[in-house]
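Here is the structure we will look at, set down as structure tokens.
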Amino acid sequence: MSAKNSITTSNHINYDEAYNTAKELMQNKSSRNFGFYIIVALHTGLRVGDILSITKTDLENGYKDFREQKTKKAKRLDFNPKIMEAFKQIECIGQKVFTSTHNTTFSIQQINRKLKQVFRYKRKNISSHSLRKSFGRKLYEKYGESEAVLVKLSQMFNHSSVAITRDYLDITQEEIADLYLSL
């Protein structure tokens, strides 16, 4: 846990591990909506506040038009088949999608706390932003770890440079660690 007002960065979570964990959580009624949150985060790369603004109607329509909370930039998000399939399994309270068993919308603090409980790592800082980074890492690896995919991810994340995206995805740190371990 970080000290108040300290600067910390989150680390990504292995995509396959996170996705499989989300599918397991969806098997249990009391954790189903939280599992759905993880699936949406892994497949959209959105910030937590933007995810929490998704409504039942957005999912029924198959897309969401909105302004990102942080950047205020307009964005259209089409929900992929994995999100749509998982959506069929959850229960919504009115328009609210991401609710607890007490029928209250998850707070950012609740999500961060639950993520730390579900993904226990000794040397990683896990938060809602970890899933955004996992999304980016998965695409980076899927498309050959190329500079071209970094440019697209930089645009998706609204980063001012590819160098920021490279650092954001923990690429440099992991590659350096791999070099040390390869000797």
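Starting from 1 in every chain, residues are counted up; chains themselves are A, B, ... following the order of the structure tokens, and ligands are numbered from 1 as listed.
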
Met84 (chain A): which residues within 9 Å, counting only C-alpha atoms, same-chain residues fewer than 3 positions away excluded, as a PDB file with C-alpha atoms, in the first residue's frame?
```
ATOM      1  CA  LEU A  59     -23.588  -2.639 -23.683  1.00  0.00           C
ATOM      2  CA  GLU A  60     -26.949  -3.468 -25.256  1.00  0.00           C
ATOM      3  CA  GLY A  62     -22.602  -2.733 -28.474  1.00  0.00           C
ATOM      4  CA  PHE A  79     -17.337  -3.737 -27.365  1.00  0.00           C
ATOM      5  CA  ASN A  80     -15.659  -6.910 -28.596  1.00  0.00           C
ATOM      6  CA  PRO A  81     -17.267 -10.393 -28.536  1.00  0.00           C
ATOM      7  CA  PHE A  87     -22.271  -9.203 -20.402  1.00  0.00           C
ATOM      8  CA  LYS A  88     -24.952 -11.875 -20.942  1.00  0.00           C
TER       9      LYS A  88
END
```

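We find CA of Tyr63 (chain A) and CA of Ala86 (chain A) to be spaced 14.7 Å apart.
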
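Shortest atom-to-atom contact with Ile83 (chain A) among A:Thr71, A:Thr44, A:Ser10, A:Thr57: A:Thr44, counting only C-alpha atoms.
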
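For region 107-111 of chain A, the residues within 7 Å (counting only C-alpha atoms, excluding itself and residues fewer than 4 positions away along the chain) are Val48, Leu115 and Ser128 of chain A.
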
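Going from CA of Asp167 (chain A) to CA of Ser182 (chain A) covers 21.4 Å.
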
Test item: residues at most 12 Å from Glu141 (chain A), only C-alpha atoms, excluding those fewer than 6 positions along its chain, as a PyMOL selection string: chain A and resi 14-15+134-135+147-150+153+169+171

Out of region 30-116 of chain A, which residues get strand (DSSP E) from DSSP, as an MDAnalysis selection string? chainID A and resid 63:67 74:78

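In this comparison, which uses only C-alpha atoms, the residue of A:Asn112, A:Ile90, A:Thr101, A:Leu181 approaching Asn125 (chain A) most closely is A:Asn112.
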
So that each row is one residue of region 43-128 of chain A with an atom at most 12 Å from region 158-161 of chain A, can you give its shortest atom pair and the distance in Å to one decimal, using only C-alpha atoms, rows by chain and rising number, as CSV?
```
residue,atom,partner,partner_atom,distance
A:Gly45,CA,A:Asn158,CA,11.5
A:Leu46,CA,A:Asn158,CA,11.1
A:Arg47,CA,A:Asn158,CA,11.7
A:Glu68,CA,A:Asn158,CA,10.1
A:Lys70,CA,A:Asn158,CA,10.1
A:Thr71,CA,A:Asn158,CA,7.9
A:Lys72,CA,A:Asn158,CA,10.7
A:Lys73,CA,A:Asn158,CA,8.9
A:Ala74,CA,A:Asn158,CA,11.3
A:Lys75,CA,A:Asn158,CA,10.9
```

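Residues in contact with region 26-28 of chain A at up to 10 Å, not including ones fewer than 4 positions away on its chain and judged by only C-alpha atoms, are Asn20, Thr21, Ala22, Arg32, Asn33, Phe34, Gly35, Phe36, Tyr37, Ile38, Ile39, Ala86, Gln89 and Ile90 of chain A.
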
Please save N, CA and C atoms of the selected residues as a PDB file, in the first residue's frame.
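Output contents, as saved in selection-v9.pdb:
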```pdb
ATOM      1  N   ASN A  20      -8.156 -15.333 -17.141  1.00  0.00           N
ATOM      2  CA  ASN A  20      -8.614 -16.584 -16.532  1.00  0.00           C
ATOM      3  C   ASN A  20      -9.183 -16.346 -15.132  1.00  0.00           C
ATOM      4  N   THR A  21      -8.562 -15.458 -14.381  1.00  0.00           N
ATOM      5  CA  THR A  21      -9.073 -15.102 -13.061  1.00  0.00           C
ATOM      6  C   THR A  21     -10.452 -14.465 -13.184  1.00  0.00           C
ATOM      7  N   ALA A  22     -10.619 -13.573 -14.150  1.00  0.00           N
ATOM      8  CA  ALA A  22     -11.918 -12.929 -14.365  1.00  0.00           C
ATOM      9  C   ALA A  22     -12.990 -13.961 -14.697  1.00  0.00           C
ATOM     10  N   ARG A  32     -19.343 -11.989  -9.680  1.00  0.00           N
ATOM     11  CA  ARG A  32     -19.557 -11.948 -11.134  1.00  0.00           C
ATOM     12  C   ARG A  32     -19.327 -10.557 -11.737  1.00  0.00           C
ATOM     13  N   ASN A  33     -19.897  -9.520 -11.128  1.00  0.00           N
ATOM     14  CA  ASN A  33     -19.761  -8.177 -11.703  1.00  0.00           C
ATOM     15  C   ASN A  33     -18.328  -7.669 -11.621  1.00  0.00           C
ATOM     16  N   PHE A  34     -17.585  -8.095 -10.592  1.00  0.00           N
ATOM     17  CA  PHE A  34     -16.177  -7.713 -10.504  1.00  0.00           C
ATOM     18  C   PHE A  34     -15.361  -8.434 -11.586  1.00  0.00           C
ATOM     19  N   GLY A  35     -15.676  -9.698 -11.815  1.00  0.00           N
ATOM     20  CA  GLY A  35     -15.030 -10.431 -12.915  1.00  0.00           C
ATOM     21  C   GLY A  35     -15.310  -9.750 -14.244  1.00  0.00           C
ATOM     22  N   PHE A  36     -16.538  -9.273 -14.401  1.00  0.00           N
ATOM     23  CA  PHE A  36     -16.903  -8.561 -15.630  1.00  0.00           C
ATOM     24  C   PHE A  36     -16.100  -7.260 -15.747  1.00  0.00           C
ATOM     25  N   TYR A  37     -15.911  -6.566 -14.636  1.00  0.00           N
ATOM     26  CA  TYR A  37     -15.088  -5.350 -14.661  1.00  0.00           C
ATOM     27  C   TYR A  37     -13.694  -5.667 -15.221  1.00  0.00           C
ATOM     28  N   ILE A  38     -13.086  -6.753 -14.743  1.00  0.00           N
ATOM     29  CA  ILE A  38     -11.739  -7.123 -15.212  1.00  0.00           C
ATOM     30  C   ILE A  38     -11.759  -7.406 -16.702  1.00  0.00           C
ATOM     31  N   ILE A  39     -12.771  -8.120 -17.177  1.00  0.00           N
ATOM     32  CA  ILE A  39     -12.863  -8.437 -18.611  1.00  0.00           C
ATOM     33  C   ILE A  39     -12.982  -7.155 -19.433  1.00  0.00           C
ATOM     34  N   ALA A  86     -19.593 -12.030 -21.993  1.00  0.00           N
ATOM     35  CA  ALA A  86     -19.582 -11.923 -20.530  1.00  0.00           C
ATOM     36  C   ALA A  86     -20.765 -11.090 -20.036  1.00  0.00           C
ATOM     37  N   GLN A  89     -23.963 -12.696 -18.853  1.00  0.00           N
ATOM     38  CA  GLN A  89     -23.950 -13.443 -17.596  1.00  0.00           C
ATOM     39  C   GLN A  89     -24.165 -12.579 -16.359  1.00  0.00           C
ATOM     40  N   ILE A  90     -24.151 -11.257 -16.501  1.00  0.00           N
ATOM     41  CA  ILE A  90     -24.245 -10.415 -15.306  1.00  0.00           C
ATOM     42  C   ILE A  90     -25.655  -9.880 -15.112  1.00  0.00           C
TER      43      ILE A  90
END
```

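Distance annotation: of A:Ile13, A:Cys92, A:Leu183, A:Leu52, the residue with the minimal separation from Phe106 (chain A) is A:Leu52; atom set is only C-alpha atoms.
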
Could you tell me, as a count of residues only, which residues of chain A DSSP assigns to helix (DSSP H, G or I) when given the backbone? 97

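Going from CA of Ser127 (chain A) to CA of Glu85 (chain A) covers 25.0 Å.
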
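Proximity to Ser130 (chain A) was assessed for A:Lys116, A:Lys82, A:Arg67, A:Lys142 counting only C-alpha atoms; the smallest distance is recorded for A:Lys116.
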